[in-house]
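Peer 1: This is upload_11.cif (mmCIF, C-alpha atoms).
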```
data_structure
loop_
_atom_site.label_atom_id
_atom_site.label_comp_id
_atom_site.auth_asym_id
_atom_site.auth_seq_id
_atom_site.Cartn_x
_atom_site.Cartn_y
_atom_site.Cartn_z
CA MET J 1 120.60 -79.39 -171.79
CA ALA J 2 118.32 -80.62 -169.03
CA PRO J 3 118.53 -78.40 -165.96
CA ALA J 4 120.54 -79.70 -163.03
CA TYR J 5 119.24 -79.24 -159.50
CA ALA J 6 120.88 -78.30 -156.24
CA SER J 7 120.87 -80.60 -153.23
CA ALA J 8 117.75 -80.54 -151.07
CA GLN J 9 119.53 -78.43 -148.47
CA ALA J 10 120.79 -75.97 -151.09
CA SER J 11 117.39 -75.78 -152.74
CA ALA J 12 115.67 -74.94 -149.46
CA THR J 13 118.36 -72.38 -148.63
CA LEU J 14 118.14 -70.69 -152.02
CA THR J 15 114.35 -70.60 -151.85
CA ARG J 16 114.61 -68.70 -148.56
CA LEU J 17 117.44 -66.60 -149.98
CA VAL J 18 115.35 -65.04 -152.74
CA GLU J 19 112.29 -64.37 -150.56
CA PRO J 20 111.31 -60.68 -150.67
CA VAL J 21 113.30 -58.73 -148.09
CA ARG J 22 110.63 -56.35 -146.87
CA ASP J 23 111.36 -53.09 -145.11
CA SER J 24 115.14 -53.26 -145.55
CA GLN J 25 114.91 -50.85 -148.50
CA GLN J 26 112.65 -48.41 -146.67
CA SER J 27 113.62 -48.55 -143.02
CA VAL J 28 115.75 -45.82 -141.50
CA GLY J 29 118.22 -45.41 -138.68
CA ARG J 30 120.69 -47.67 -136.91
CA LYS J 31 118.17 -50.48 -136.33
CA SER J 32 117.50 -50.84 -140.05
CA ARG J 33 121.19 -50.80 -140.89
CA ARG J 34 121.82 -53.61 -138.38
CA ARG J 35 118.97 -55.57 -139.91
CA ALA J 36 120.27 -55.05 -143.45
CA SER J 37 123.73 -56.12 -142.33
CA ARG J 38 122.30 -59.33 -140.82
CA ILE J 39 120.48 -60.01 -144.08
CA GLY J 40 123.71 -59.61 -146.03
CA VAL J 41 125.63 -61.98 -143.75
CA ALA J 42 122.86 -64.56 -143.98
CA LEU J 43 122.79 -64.31 -147.75
CA VAL J 44 126.54 -64.75 -148.10
CA ALA J 45 126.45 -67.77 -145.79
CA ALA J 46 123.53 -69.25 -147.68
CA ALA J 47 125.33 -68.73 -150.97
CA ALA J 48 128.31 -70.70 -149.69
CA ILE J 49 126.04 -73.56 -148.59
CA ALA J 50 124.23 -73.57 -151.91
CA ALA J 51 127.41 -73.52 -153.95
CA ALA J 52 128.77 -76.45 -151.95
CA GLY J 53 125.63 -78.45 -152.67
CA CYS J 54 125.54 -77.80 -156.41
CA GLY J 55 128.08 -80.38 -157.42
CA GLY J 56 129.86 -80.29 -160.75
CA GLY J 57 130.32 -77.37 -163.07
CA GLY J 58 128.70 -76.75 -166.41
CA SER J 59 127.70 -73.63 -168.30
CA ASP J 60 123.94 -73.83 -167.73
CA THR J 61 123.13 -70.44 -166.21
CA THR J 62 120.34 -71.86 -164.08
CA ALA J 63 122.00 -75.15 -163.22
CA ALA J 64 122.04 -74.54 -159.46
CA LEU J 65 118.61 -72.96 -159.18
CA PRO J 66 115.94 -74.99 -157.32
CA ALA J 67 113.40 -74.56 -160.07
CA THR J 68 112.15 -75.51 -163.49
CA THR J 69 113.67 -73.44 -166.29
CA ALA J 70 111.54 -71.75 -168.94
CA THR J 71 113.85 -70.07 -171.43
CA SER J 72 113.12 -67.95 -174.47
CA THR J 73 115.06 -65.90 -176.92
CA THR J 74 116.53 -62.46 -176.31
CA PRO J 75 114.25 -59.78 -177.70
CA ALA J 76 115.44 -58.03 -180.81
CA ALA J 77 116.32 -54.36 -180.61
CA PRO J 78 114.46 -52.76 -183.52
CA SER J 79 115.62 -49.37 -184.64
CA ALA J 80 113.39 -46.43 -183.77
CA PRO J 81 113.65 -42.64 -183.83
CA ALA J 82 115.55 -41.35 -180.84
CA ALA J 83 113.24 -40.08 -178.10
CA THR J 84 114.18 -37.24 -175.81
CA LEU J 85 114.81 -37.76 -172.12
CA ALA J 86 111.72 -35.73 -171.25
CA SER J 87 109.40 -37.65 -173.59
CA THR J 88 110.74 -41.00 -172.40
CA ALA J 89 110.27 -39.99 -168.76
CA ALA J 90 106.68 -38.92 -169.51
CA ARG J 91 106.02 -42.29 -171.14
CA VAL J 92 107.40 -44.15 -168.11
CA ARG J 93 105.28 -42.07 -165.72
CA ARG J 94 102.15 -42.85 -167.75
CA GLN J 95 103.01 -46.54 -167.83
CA LEU J 96 103.38 -46.80 -164.05
CA ARG J 97 100.89 -44.18 -162.83
CA GLY J 98 98.59 -45.49 -160.14
CA ILE J 99 100.48 -48.75 -159.52
CA PRO J 100 101.65 -49.06 -155.90
CA GLN J 101 105.37 -49.23 -155.23
CA GLN J 102 106.83 -50.47 -151.96
CA GLY J 103 110.59 -50.44 -152.05
CA LEU J 104 111.40 -52.04 -155.40
CA VAL J 105 108.23 -54.12 -155.42
CA LEU J 106 105.87 -52.90 -158.13
CA GLY J 107 102.23 -53.84 -157.68
CA ARG J 108 100.01 -55.18 -154.94
CA PRO J 109 102.17 -56.86 -152.24
CA THR J 110 99.55 -59.58 -151.77
CA ALA J 111 99.24 -60.37 -155.50
CA PRO J 112 98.83 -64.11 -156.17
CA VAL J 113 102.09 -64.33 -158.14
CA THR J 114 105.49 -62.85 -157.34
CA ILE J 115 108.08 -62.22 -160.07
CA VAL J 116 111.60 -61.40 -158.87
CA GLU J 117 114.07 -60.00 -161.41
CA TYR J 118 117.85 -60.16 -161.13
CA GLY J 119 119.44 -57.70 -163.54
CA HIS J 120 122.02 -54.98 -163.94
CA PHE J 121 122.65 -51.78 -165.86
CA ALA J 122 125.57 -52.94 -168.02
CA CYS J 123 123.28 -55.40 -169.79
CA PRO J 124 121.72 -54.51 -173.17
CA GLU J 125 119.52 -57.61 -172.93
CA CYS J 126 118.11 -56.38 -169.60
CA ALA J 127 117.34 -53.00 -171.13
CA ALA J 128 115.70 -54.62 -174.16
CA VAL J 129 113.42 -56.73 -171.94
CA HIS J 130 112.44 -53.64 -169.96
CA ARG J 131 111.62 -51.84 -173.20
CA ASP J 132 110.02 -54.58 -175.27
CA VAL J 133 108.45 -57.04 -172.82
CA LEU J 134 107.88 -55.66 -169.32
CA PRO J 135 105.41 -52.91 -170.33
CA ALA J 136 102.99 -55.64 -171.48
CA VAL J 137 103.68 -57.71 -168.34
CA ILE J 138 102.99 -54.67 -166.17
CA SER J 139 99.79 -53.87 -168.06
CA ARG J 140 98.46 -57.45 -168.12
CA TYR J 141 99.57 -58.81 -164.76
CA VAL J 142 100.78 -56.06 -162.42
CA ARG J 143 98.23 -53.31 -163.01
CA THR J 144 95.42 -55.85 -162.77
CA GLY J 145 96.68 -57.21 -159.44
CA LYS J 146 97.51 -60.67 -160.77
CA ALA J 147 101.25 -60.39 -160.04
CA ASN J 148 103.86 -58.10 -158.60
CA LEU J 149 107.37 -57.42 -159.82
CA GLU J 150 110.42 -57.03 -157.61
CA PHE J 151 113.84 -55.88 -158.83
CA ARG J 152 117.11 -57.12 -157.31
CA GLY J 153 120.15 -55.24 -158.57
CA ILE J 154 123.48 -56.74 -159.60
CA ALA J 155 126.50 -54.41 -159.64
CA GLY J 156 130.23 -54.57 -159.00
CA GLU J 157 131.99 -53.13 -155.98
CA THR J 158 134.07 -50.54 -157.82
CA PRO J 159 132.63 -47.14 -158.82
CA SER J 160 130.98 -47.15 -162.24
CA ARG J 161 127.93 -45.73 -164.01
CA PRO J 162 126.03 -49.08 -163.77
CA ARG J 163 126.72 -49.19 -160.01
CA ASP J 164 125.57 -45.59 -159.62
CA LEU J 165 122.36 -46.40 -161.48
CA ALA J 166 121.73 -49.42 -159.25
CA LEU J 167 122.29 -47.35 -156.10
CA ALA J 168 120.08 -44.58 -157.47
CA THR J 169 117.31 -47.07 -158.26
CA TYR J 170 117.26 -48.19 -154.63
CA ALA J 171 117.46 -44.55 -153.50
CA ALA J 172 114.56 -43.56 -155.77
CA SER J 173 112.46 -46.26 -154.12
CA LEU J 174 112.43 -44.10 -150.97
CA GLN J 175 110.52 -41.53 -153.03
CA ARG J 176 108.10 -44.25 -154.20
CA HIS J 177 109.44 -44.09 -157.75
CA GLY J 178 112.09 -46.80 -157.85
CA TRP J 179 110.46 -48.56 -160.78
CA ASP J 180 110.05 -45.29 -162.70
CA PHE J 181 113.79 -44.73 -162.28
CA LEU J 182 114.58 -48.33 -163.21
CA GLN J 183 112.54 -48.22 -166.41
CA LEU J 184 113.87 -44.84 -167.47
CA ALA J 185 117.48 -45.83 -166.76
CA HIS J 186 117.16 -48.90 -168.98
CA LEU J 187 115.46 -47.02 -171.80
CA ARG J 188 118.10 -44.30 -171.76
CA SER J 189 120.91 -46.88 -171.73
CA LEU J 190 119.61 -48.06 -175.10
CA ALA J 191 119.51 -44.47 -176.38
CA LEU J 192 122.96 -43.59 -174.99
CA PRO J 193 125.12 -46.72 -175.08
CA PRO J 194 127.17 -47.92 -173.36
CA VAL J 195 126.84 -46.01 -170.08
CA GLY J 196 123.39 -44.42 -170.25
CA GLU J 197 122.19 -41.26 -168.52
CA ARG J 198 123.51 -39.77 -165.29
CA PRO J 199 121.35 -40.48 -162.22
CA ASP J 200 120.75 -36.79 -161.52
CA ARG J 201 119.39 -36.20 -165.03
CA LEU J 202 117.07 -39.19 -164.71
CA ALA J 203 115.84 -37.97 -161.34
CA SER J 204 115.22 -34.48 -162.70
CA ALA J 205 113.27 -35.82 -165.68
CA LEU J 206 111.03 -37.81 -163.33
CA GLY J 207 110.46 -34.86 -161.02
CA LEU J 208 112.25 -36.46 -158.08
CA ASP J 209 114.13 -34.58 -155.37
CA GLU J 210 117.67 -34.67 -156.78
CA GLY J 211 119.34 -33.61 -153.54
CA ARG J 212 117.55 -36.29 -151.59
CA LEU J 213 118.41 -38.89 -154.22
CA ALA J 214 122.12 -38.01 -154.06
CA SER J 215 122.06 -38.25 -150.27
CA ASP J 216 120.07 -41.48 -150.22
CA MET J 217 122.43 -43.15 -152.71
CA ALA J 218 125.06 -43.21 -149.96
CA ARG J 219 122.91 -45.22 -147.54
CA PRO J 220 124.80 -48.39 -146.49
CA GLU J 221 121.82 -50.72 -146.92
CA TRP J 222 122.08 -50.44 -150.71
CA ASP J 223 125.60 -51.90 -150.58
CA THR J 224 124.10 -54.77 -148.61
CA GLN J 225 121.41 -55.24 -151.25
CA LEU J 226 123.99 -55.30 -154.05
CA ARG J 227 126.20 -57.74 -152.15
CA ALA J 228 123.15 -59.94 -151.65
CA GLY J 229 122.42 -59.83 -155.38
CA ARG J 230 125.98 -60.82 -156.23
CA SER J 231 125.84 -63.65 -153.70
CA VAL J 232 122.64 -65.07 -155.19
CA ALA J 233 124.02 -64.77 -158.72
CA ALA J 234 127.26 -66.52 -157.73
CA ALA J 235 125.52 -69.26 -155.74
CA THR J 236 123.15 -70.06 -158.59
CA ARG J 237 125.76 -69.60 -161.34
CA MET J 238 123.79 -66.93 -163.17
CA SER J 239 126.00 -65.93 -166.08
CA SER J 240 123.48 -64.10 -168.27
CA PHE J 241 120.79 -61.64 -167.41
CA PRO J 242 118.02 -60.79 -166.82
CA VAL J 243 116.76 -63.74 -164.77
CA PHE J 244 113.17 -63.79 -163.48
CA LEU J 245 111.99 -66.06 -160.67
CA VAL J 246 108.25 -66.75 -160.69
CA ARG J 247 106.22 -68.32 -157.88
CA ALA J 248 102.61 -68.42 -156.73
CA ARG J 249 101.92 -66.80 -153.37
CA SER J 250 99.67 -69.72 -152.42
CA LYS J 251 102.55 -72.18 -152.87
CA PRO J 252 105.39 -70.71 -150.78
CA GLY J 253 107.05 -74.09 -150.41
CA ASP J 254 107.24 -74.74 -154.15
CA PRO J 255 110.35 -73.98 -156.19
CA PHE J 256 110.54 -70.92 -158.38
CA VAL J 257 110.04 -71.18 -162.12
CA VAL J 258 113.14 -69.62 -163.69
CA LEU J 259 112.68 -67.48 -166.78
CA THR J 260 115.85 -66.33 -168.52
CA ARG J 261 115.96 -63.48 -171.03
CA PRO J 262 112.26 -63.67 -171.94
CA GLY J 263 111.38 -62.52 -175.44
CA SER J 264 107.65 -61.96 -175.07
CA VAL J 265 104.80 -61.54 -172.62
CA GLY J 266 103.83 -65.09 -173.61
CA ALA J 267 106.97 -66.39 -171.92
CA PHE J 268 105.76 -64.81 -168.67
CA ALA J 269 102.26 -66.19 -169.21
CA ARG J 270 103.65 -69.72 -169.50
CA ALA J 271 105.93 -69.27 -166.46
CA ILE J 272 103.04 -67.90 -164.36
CA ALA J 273 100.80 -70.78 -165.42
CA LYS J 274 103.53 -73.28 -164.54
CA ALA J 275 104.14 -71.62 -161.16
CA ARG J 276 100.45 -71.65 -160.27
CA GLY J 277 100.17 -75.29 -161.26
CA ALA J 278 103.42 -76.50 -159.67
CA GLY J 279 103.09 -78.94 -156.82
CA GLY J 280 99.49 -79.71 -157.73
#
```
Can you give me the file's structure in the form of C-alpha cells?

Peer 2:
Amino acid sequence: MAPAYASAQASATLTRLVEPVRDSQQSVGRKSRRRASRIGVALVAAAAIAAAGCGGGGSDTTAALPATTATSTTPAAPSAPAATLASTAARVRRQLRGIPQQGLVLGRPTAPVTIVEYGHFACPECAAVHRDVLPAVISRYVRTGKANLEFRGIAGETPSRPRDLALATYAASLQRHGWDFLQLAHLRSLALPPVGERPDRLASALGLDEGRLASDMARPEWDTQLRAGRSVAAATRMSSFPVFLVRARSKPGDPFVVLTRPGSVGAFARAIAKARGAGG
C-alpha cells in the first residue's frame, strides 16, 4: 500500500511535534514542571489538529506521518542460552560505555542525523530490535558520531510493569544511564516474558542509586512525556512498534523518514541515506 500523507498543516504540526524536547527530562523544580505541562498541552492540541487533517481511515500504521516509509521485516528471535541479569547488565554497560547520554538522547547532540524511536515495554518486537539490531546501529552510527538515538516511551495510564519500566527509564536518565536501563529492560523482557524484570533489580544490576530511581519515578514530568508519546502515536495512527523517525540535522524542514520494525542495520543505513538525500 502506498503511504498516505497528512495535510500540509498536519505535516508541519507533526514535524514540530516530534522535535527533541530538550531539558524537560532533566530540569528540576516548579519551573520545569510548568514547562513540561505546557509541552504536554501543546502536543495534545497538535495531535488533534493532525488527526483532523489526516482524512480517511485505513490500517497503514504510518498513514498519517509526514514522511516516506521504509519498512522491513520483524527480526527473528533465535533461541540462545539464558544469560543472567548480572552478565546481561555487564554486556549493556560495555556496549554503551563512553557514549554521551543527555536525557534519553544517546550520542552526540549535534550529530548529523537524529533517530527518534517510539516504543514500549509490552512489545516483543521492540525488545527484539533492541537486542538484534540496535547494538550494530549504536556501534556504527552513534559511537562514531554520525547519528544520535532518542527514545520516546509509550505506556498506558493504569499501573503496570510496562508503565513502571517506562517511568524508570526516564528516571534513570537523571543518572545519565537511561539508555543502559532501556537496553537492559528490553533484554530481560525477552528472558522473562511477559512482564520482564522489576525496575529495582535492573537499577541494582547497573549500579544505579535505587532509592533515587524510586523517588525520581514519581516525578510528574514523566507522565507528561508518556502522554505526549500516546498523543503522537494516536495522531499518526501508529498501531505497531517500534517506529523510528530519521532526519538529517542539516535539513530541519524536511519530513522524517519512517522506519517500522527494522530487521537489520541495513534498514537504518538506507533510511539514513534517504534522510540525508531528501529535499536535495

Peer 1: Using all atoms listed in the file, which of J:Ala111, J:Val105, J:Leu96, J:Ala136 sits nearest Ala267 of chain J?

Peer 2: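 Once distances to Ala267 of chain J are computed over all atoms listed in the file, the minimum belongs to J:Ala136.
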
Peer 1: Which of these, J:Arg163, J:Arg270, J:Arg188, J:Arg198, has the shortest distance to Ala127 of chain J once you count all atoms listed in the file?

Peer 2: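 The shortest atom-to-atom distance to Ala127 of chain J comes from J:Arg188.
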
Peer 1: Selected by the PyMOL selection byres ((chain J and resi 90-94) around 12) in the shown coordinates: which residues, as a compact mmCIF listing (two decimals) with C-alpha atoms, in the frame of the given file?

Peer 2:
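expr_38.txt, freshly written:
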```txt
# COMPACT_ATOMS: atom_id res chain seq x y z
CA ALA J 83 113.24 -40.08 -178.10
CA THR J 84 114.18 -37.24 -175.81
CA LEU J 85 114.81 -37.76 -172.12
CA ALA J 86 111.72 -35.73 -171.25
CA SER J 87 109.40 -37.65 -173.59
CA THR J 88 110.74 -41.00 -172.40
CA ALA J 89 110.27 -39.99 -168.76
CA GLN J 95 103.01 -46.54 -167.83
CA LEU J 96 103.38 -46.80 -164.05
CA ARG J 97 100.89 -44.18 -162.83
CA GLY J 98 98.59 -45.49 -160.14
CA ILE J 99 100.48 -48.75 -159.52
CA HIS J 130 112.44 -53.64 -169.96
CA ARG J 131 111.62 -51.84 -173.20
CA LEU J 134 107.88 -55.66 -169.32
CA PRO J 135 105.41 -52.91 -170.33
CA ILE J 138 102.99 -54.67 -166.17
CA SER J 139 99.79 -53.87 -168.06
CA HIS J 177 109.44 -44.09 -157.75
CA GLY J 178 112.09 -46.80 -157.85
CA TRP J 179 110.46 -48.56 -160.78
CA ASP J 180 110.05 -45.29 -162.70
CA PHE J 181 113.79 -44.73 -162.28
CA LEU J 182 114.58 -48.33 -163.21
CA GLN J 183 112.54 -48.22 -166.41
CA LEU J 184 113.87 -44.84 -167.47
CA ALA J 185 117.48 -45.83 -166.76
CA HIS J 186 117.16 -48.90 -168.98
CA LEU J 187 115.46 -47.02 -171.80
CA ARG J 188 118.10 -44.30 -171.76
CA LEU J 202 117.07 -39.19 -164.71
CA SER J 204 115.22 -34.48 -162.70
CA ALA J 205 113.27 -35.82 -165.68
CA LEU J 206 111.03 -37.81 -163.33
CA GLY J 207 110.46 -34.86 -161.02
CA LEU J 208 112.25 -36.46 -158.08
```

Peer 1: What does the structure give for the distance between atom CA of Gln101 of chain J and atom CA of Ala233 of chain J, in Å to one decimal?

Peer 2: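 Atom-to-atom, atom CA of Gln101 of chain J and atom CA of Ala233 of chain J are spaced 24.5 Å apart.
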
Peer 1: Under the PyMOL selection byres ((chain J and resi 143) around 9), which residues of this model are included? Write them out as a list in words.

Peer 2: Leu96, Gly98, Ile99, Pro100, Gly107, Arg108, Val137, Ile138, Ser139, Arg140, Tyr141, Val142, Thr144, Gly145, Lys146, Ala147 and Asn148 of chain J

Peer 1: For Glu157 of chain J, list every protein, DNA or RNA residue within 9 Å, evaluated using only C-alpha atoms, and leave out those in the same chain fewer than 3 positions away; present the list as a PDB file with C-alpha atoms, in the frame of the given file.

Peer 2:
```
ATOM      1  CA  SER J 160     130.980 -47.150-162.240  1.00  0.00           C
ATOM      2  CA  ARG J 163     126.720 -49.190-160.010  1.00  0.00           C
ATOM      3  CA  ASP J 223     125.600 -51.900-150.580  1.00  0.00           C
ATOM      4  CA  LEU J 226     123.990 -55.300-154.050  1.00  0.00           C
ATOM      5  CA  ARG J 227     126.200 -57.740-152.150  1.00  0.00           C
TER       6      ARG J 227
END
```

Peer 1: Can you measure atom CA of Val257 of chain J to atom CA of Arg176 of chain J for me? One decimal in Å is fine.

Peer 2: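 Between atom CA of Val257 of chain J and atom CA of Arg176 of chain J the gap is 28.1 Å.
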
Peer 1: Please enclose the listed atoms of segment 85-102 of chain J in an axis-aligned box, pad each side by 5 Å, and write out the centre and the three edge lengths in Å, rounded to one decimal, as lines of an AutoDock Vina configuration file.

Peer 2:
```
center_x = 106.7
center_y = -43.1
center_z = -162.8
size_x = 26.2
size_y = 24.7
size_z = 31.6
```

Peer 1: Quick one: distance from atom CA of Met217 of chain J to atom CA of Gln175 of chain J in Å, one decimal?

Peer 2: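 Taking atom CA of Met217 of chain J as the start and atom CA of Gln175 of chain J as the end point, the length is 12.0 Å.
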